[in-house]
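Asks: Supplied in structure tokens, the structure appears directly below.
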Amino acid sequence: MPVSRWLVRNPPFEYREIAMIDTSKPIVHRHLSLIYGAFVAATVLSLLYCVFTGQFNGDFFPSPVYLSSATLIFVSALCIAPYAFSWNIAGQFNKITPRHTYSVSFKALFLLFSITSLFHAVATLLFGVGIMDREVYTAPSAVMPFIQVLNRIDPFYLGAFFILSTPKRMSSDLFAVIVMVTIGLLRAGLGVFNYVAIAMCAKYSMEIIFAFRRAPWLIISGAMLLPVTIGKLYEFRSRLRGDVHLDLDLVDMLLGRFVGRLSSFSNVAYVVQNNQSFEWSAKALEPLFYVKQALSGVLGGVAPTMTPERLLIAGTQSYEGYSTFMTGVPGNLIMAWYVSPWVLIINLLSITTSICGILWLSRYFGNGIARVFGLGMLVYPLTSGVANEFALLLLNTIILLAFVIIFQNRTGNKNQNNV
């Protein structure tokens, strides 16, 4: 029997597994199903935690819950809606093939990522730029303009883009992960692990699925180590910030703290539960608070005096520090409704425009699976609902696309499939 015919009848494992993948799905869906599934699951688990324990998780752990189960289910649906909307919009945009996509060399991307990350690390070490629980940083007046420009290029968005845009090579991926985690720990935050997880899971989504099919015990073993790892990370973060570390049991640590921070469910439910208090306090919000907050992430100096996130802090009466809570997209719109229905419409249009802009521009990335950058990084703003996070992601998408166009490879960019 000819070798070619034998291979057709008995394909190697890799080809058998690839053939099992539904290639009819858009590339953004194929590579990000694990990520979006995880964040939707976090909302569902937060709902179950609140129903069965009678207390909130996340930012408001362990405040008591007084809402009915039906109301909590409705709130969870509101929290899942932004993910579903972005997921569907990305799928529709994927059907519109751009006339040109733009690729850039590995060397150019490596230099951009390395130099920018180095500047960020130096700015954090010397001047405290970006450190959590610090409202402001101090730097010489001659350096301030440079830092202001540098802050518009988020090191974690850049790191995720580098991972998604480069070939599957352990050396470069490990380098990017080490650099991102180093900057994140210098800034006393654990959020960097979300960016790393999103980028790496998107890039190696096929391999993760294959591993689960072939050796599920590896995934199960990793899941069993998760509580220990999370506990050590929270303890390490407390040391970095000088906070008091709380010893929690397994359920409260995983569902009360960790899962709760991956969903805005408890925050939105808290706003609904205390609707009269927040309806009164929302009077302190400016009609254009969302637009000004978004512009502050790009231009600076135009931030509103009061934001929904600060109202949440005031609502706890138990918080000291400078970091803010997240209202989620539904919570932000509820606050806007308390100000005026017109403010809600303005905010909803602003959020929708930002989402569509990010997803539309990401279609033009030609390196690797960089096309999934927009939908992948949108997970964070969709969860938090914070205006300047949407604006910063849109700005970084524009900056990265401009860089790729300016330093593009002049051959092979037209009508790339990017699969």
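Labels used: A, B, ... for chains in the order of the structure tokens, numbers from 1 for residues in each chain, and numbers from 1 for ligands as shown.
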Residues of segment 271-340 of chain A within 9 Å of segment 389-405 of chain A: nearest atom pair and distance (Å, one decimal) for each, counting only C-alpha atoms, sorted by chain and number, as JSON lines?

Replies:
{"residue": "A:Gln293", "atom": "CA", "partner": "A:Ala391", "partner_atom": "CA", "distance": 8.9}
{"residue": "A:Ala294", "atom": "CA", "partner": "A:Ala391", "partner_atom": "CA", "distance": 5.4}
{"residue": "A:Leu295", "atom": "CA", "partner": "A:Ala391", "partner_atom": "CA", "distance": 7.1}
{"residue": "A:Ser296", "atom": "CA", "partner": "A:Ala391", "partner_atom": "CA", "distance": 8.8}
{"residue": "A:Gly297", "atom": "CA", "partner": "A:Leu392", "partner_atom": "CA", "distance": 5.9}
{"residue": "A:Val298", "atom": "CA", "partner": "A:Leu392", "partner_atom": "CA", "distance": 6.4}

Asks: Can those selected residues be exported to a file as a PDB file, in the first residue's frame so that it contains N, CA and C atoms?

Replies:
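So again_4.pdb came out as:
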ATOM      1  N   GLN A 293     -14.185  60.221  32.192  1.00  0.00           N
ATOM      2  CA  GLN A 293     -13.334  59.166  32.730  1.00  0.00           C
ATOM      3  C   GLN A 293     -12.604  58.434  31.606  1.00  0.00           C
ATOM      4  N   ALA A 294     -13.289  58.225  30.483  1.00  0.00           N
ATOM      5  CA  ALA A 294     -12.651  57.579  29.336  1.00  0.00           C
ATOM      6  C   ALA A 294     -11.536  58.455  28.771  1.00  0.00           C
ATOM      7  N   LEU A 295     -11.804  59.738  28.634  1.00  0.00           N
ATOM      8  CA  LEU A 295     -10.798  60.652  28.088  1.00  0.00           C
ATOM      9  C   LEU A 295      -9.607  60.803  29.019  1.00  0.00           C
ATOM     10  N   SER A 296      -9.832  60.665  30.322  1.00  0.00           N
ATOM     11  CA  SER A 296      -8.726  60.798  31.273  1.00  0.00           C
ATOM     12  C   SER A 296      -7.705  59.679  31.069  1.00  0.00           C
ATOM     13  N   GLY A 297      -8.158  58.522  30.600  1.00  0.00           N
ATOM     14  CA  GLY A 297      -7.229  57.433  30.340  1.00  0.00           C
ATOM     15  C   GLY A 297      -6.383  57.661  29.104  1.00  0.00           C
ATOM     16  N   VAL A 298      -6.803  58.618  28.270  1.00  0.00           N
ATOM     17  CA  VAL A 298      -6.083  58.904  27.029  1.00  0.00           C
ATOM     18  C   VAL A 298      -5.363  60.245  27.111  1.00  0.00           C
TER      19      VAL A 298
END

Asks: Running DSSP on the backbone, which parts of segment 319-365 of chain A land in helix (DSSP H, G or I), as a count of residues only?

Replies: 34

Asks: My list of candidates is A:Pro145, A:Gly184, A:Pro167, A:Pro304. Which is closest to Gly368 of chain A when distances are computed with only C-alpha atoms?

Replies: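 Smallest distance to Gly368 of chain A is found for A:Pro167.
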
Asks: If we count only C-alpha atoms and set the cut-off at 9 Å, which residues sit around Trp87 of chain A, ignoring sequence neighbours fewer than 5 positions away in its own chain? Please answer as a PyMOL selection string.

Replies: chain A and resi 28-29+36+82+92+375

Asks: I need the residue nearest Asn275 of chain A from this list: A:Arg214, A:Ser165, A:Tyr338, A:Gly366. Use only C-alpha atoms for the distance.

Replies: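 The answer is A:Tyr338, which sits nearest to Asn275 of chain A.
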
Asks: Smallest atom-to-atom distance to Leu333 of chain A: which of A:Leu78, A:Ser263, A:Ile313, A:Val302, using only C-alpha atoms?

Replies: A:Leu78

Asks: So that I can see what lies close to Ala387 of chain A, please list as an MDAnalysis selection string the residues with an atom at most 10 Å from it, counting only C-alpha atoms and leaving out residues fewer than 6 positions away in the same chain.

Replies: chainID A and resid 289:297 307 329 332 347 350:351 354 381

Asks: Those residues you just picked out, can you put them in a file as a short mmCIF file (atom, residue, chain, number, x, y, z; two decimals), in the first residue's frame with all heavy atoms?

Replies:
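This went into again21.cif:
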data_model
loop_
_atom_site.label_atom_id
_atom_site.label_comp_id
_atom_site.auth_asym_id
_atom_site.auth_seq_id
_atom_site.Cartn_x
_atom_site.Cartn_y
_atom_site.Cartn_z
N PHE A 289 -19.79 61.93 33.22
CA PHE A 289 -18.74 61.31 34.02
C PHE A 289 -18.04 60.19 33.25
O PHE A 289 -16.82 60.03 33.35
CB PHE A 289 -19.30 60.79 35.34
CG PHE A 289 -20.13 59.54 35.25
CD1 PHE A 289 -19.55 58.27 35.30
CD2 PHE A 289 -21.51 59.60 35.10
CE1 PHE A 289 -20.32 57.12 35.22
CE2 PHE A 289 -22.29 58.45 35.01
CZ PHE A 289 -21.68 57.21 35.06
N TYR A 290 -18.81 59.40 32.49
CA TYR A 290 -18.21 58.27 31.79
C TYR A 290 -17.29 58.75 30.66
O TYR A 290 -16.19 58.23 30.50
CB TYR A 290 -19.31 57.37 31.22
CG TYR A 290 -18.79 56.06 30.68
CD1 TYR A 290 -18.67 54.95 31.50
CD2 TYR A 290 -18.41 55.93 29.35
CE1 TYR A 290 -18.18 53.74 31.01
CE2 TYR A 290 -17.92 54.73 28.85
CZ TYR A 290 -17.81 53.64 29.69
OH TYR A 290 -17.32 52.46 29.21
N VAL A 291 -17.75 59.74 29.90
CA VAL A 291 -16.94 60.27 28.80
C VAL A 291 -15.66 60.90 29.34
O VAL A 291 -14.56 60.66 28.80
CB VAL A 291 -17.74 61.30 27.99
CG1 VAL A 291 -16.88 61.94 26.91
CG2 VAL A 291 -18.97 60.65 27.37
N LYS A 292 -15.77 61.67 30.42
CA LYS A 292 -14.59 62.31 31.01
C LYS A 292 -13.64 61.27 31.59
O LYS A 292 -12.41 61.42 31.48
CB LYS A 292 -15.01 63.31 32.08
CG LYS A 292 -15.79 64.50 31.54
CD LYS A 292 -16.19 65.47 32.64
CE LYS A 292 -15.00 66.17 33.24
NZ LYS A 292 -15.42 67.21 34.22
N GLN A 293 -14.18 60.22 32.19
CA GLN A 293 -13.33 59.17 32.73
C GLN A 293 -12.60 58.43 31.61
O GLN A 293 -11.43 58.07 31.74
CB GLN A 293 -14.17 58.18 33.55
CG GLN A 293 -13.34 57.16 34.33
CD GLN A 293 -14.21 56.19 35.10
OE1 GLN A 293 -15.41 56.08 34.86
NE2 GLN A 293 -13.61 55.49 36.06
N ALA A 294 -13.29 58.22 30.48
CA ALA A 294 -12.65 57.58 29.34
C ALA A 294 -11.54 58.46 28.77
O ALA A 294 -10.44 57.98 28.47
CB ALA A 294 -13.69 57.28 28.26
N LEU A 295 -11.80 59.74 28.63
CA LEU A 295 -10.80 60.65 28.09
C LEU A 295 -9.61 60.80 29.02
O LEU A 295 -8.49 61.03 28.57
CB LEU A 295 -11.42 62.01 27.81
CG LEU A 295 -12.45 62.07 26.66
CD1 LEU A 295 -13.07 63.45 26.56
CD2 LEU A 295 -11.80 61.67 25.35
N SER A 296 -9.83 60.67 30.32
CA SER A 296 -8.73 60.80 31.27
C SER A 296 -7.71 59.68 31.07
O SER A 296 -6.52 59.86 31.35
CB SER A 296 -9.25 60.77 32.71
OG SER A 296 -9.75 59.49 33.06
N GLY A 297 -8.16 58.52 30.60
CA GLY A 297 -7.23 57.43 30.34
C GLY A 297 -6.38 57.66 29.10
O GLY A 297 -5.37 56.99 28.91
N THR A 307 -16.70 59.02 40.54
CA THR A 307 -16.97 57.93 39.61
C THR A 307 -17.80 56.87 40.32
O THR A 307 -17.82 56.81 41.55
CB THR A 307 -15.66 57.29 39.10
OG1 THR A 307 -14.97 56.70 40.21
CG2 THR A 307 -14.78 58.32 38.42
N VAL A 329 -20.16 46.49 33.76
CA VAL A 329 -20.94 47.25 32.78
C VAL A 329 -22.38 47.47 33.26
O VAL A 329 -22.90 48.59 33.19
CB VAL A 329 -20.91 46.56 31.41
CG1 VAL A 329 -21.89 47.22 30.44
CG2 VAL A 329 -19.50 46.57 30.83
N ASN A 332 -22.45 50.09 36.08
CA ASN A 332 -22.18 51.43 35.57
C ASN A 332 -23.42 52.02 34.91
O ASN A 332 -23.74 53.21 35.10
CB ASN A 332 -21.02 51.36 34.57
CG ASN A 332 -20.45 52.72 34.25
OD1 ASN A 332 -21.14 53.56 33.68
ND2 ASN A 332 -19.20 52.94 34.61
N ASN A 347 -23.72 56.59 27.85
CA ASN A 347 -22.74 55.60 28.31
C ASN A 347 -22.83 54.30 27.52
O ASN A 347 -21.82 53.70 27.17
CB ASN A 347 -22.94 55.32 29.80
CG ASN A 347 -22.57 56.50 30.67
OD1 ASN A 347 -22.31 57.59 30.17
ND2 ASN A 347 -22.54 56.30 31.97
N SER A 350 -21.27 54.83 24.20
CA SER A 350 -19.82 54.92 24.35
C SER A 350 -19.20 53.54 24.49
O SER A 350 -18.18 53.22 23.86
CB SER A 350 -19.45 55.79 25.56
OG SER A 350 -19.95 57.11 25.41
N ILE A 351 -19.82 52.69 25.32
CA ILE A 351 -19.31 51.33 25.52
C ILE A 351 -19.40 50.53 24.23
O ILE A 351 -18.44 49.86 23.83
CB ILE A 351 -20.09 50.64 26.65
CG1 ILE A 351 -19.80 51.31 27.99
CG2 ILE A 351 -19.73 49.15 26.73
CD1 ILE A 351 -20.68 50.83 29.12
N SER A 354 -16.81 51.67 21.70
CA SER A 354 -15.47 51.21 22.07
C SER A 354 -15.29 49.74 21.71
O SER A 354 -14.26 49.34 21.14
CB SER A 354 -15.23 51.42 23.57
OG SER A 354 -15.30 52.78 23.92
N PRO A 381 -12.07 44.93 30.54
CA PRO A 381 -13.04 46.04 30.59
C PRO A 381 -14.48 45.57 30.69
O PRO A 381 -15.30 46.21 31.37
CB PRO A 381 -12.80 46.78 29.27
CG PRO A 381 -11.41 46.43 28.88
CD PRO A 381 -11.21 45.02 29.35
#
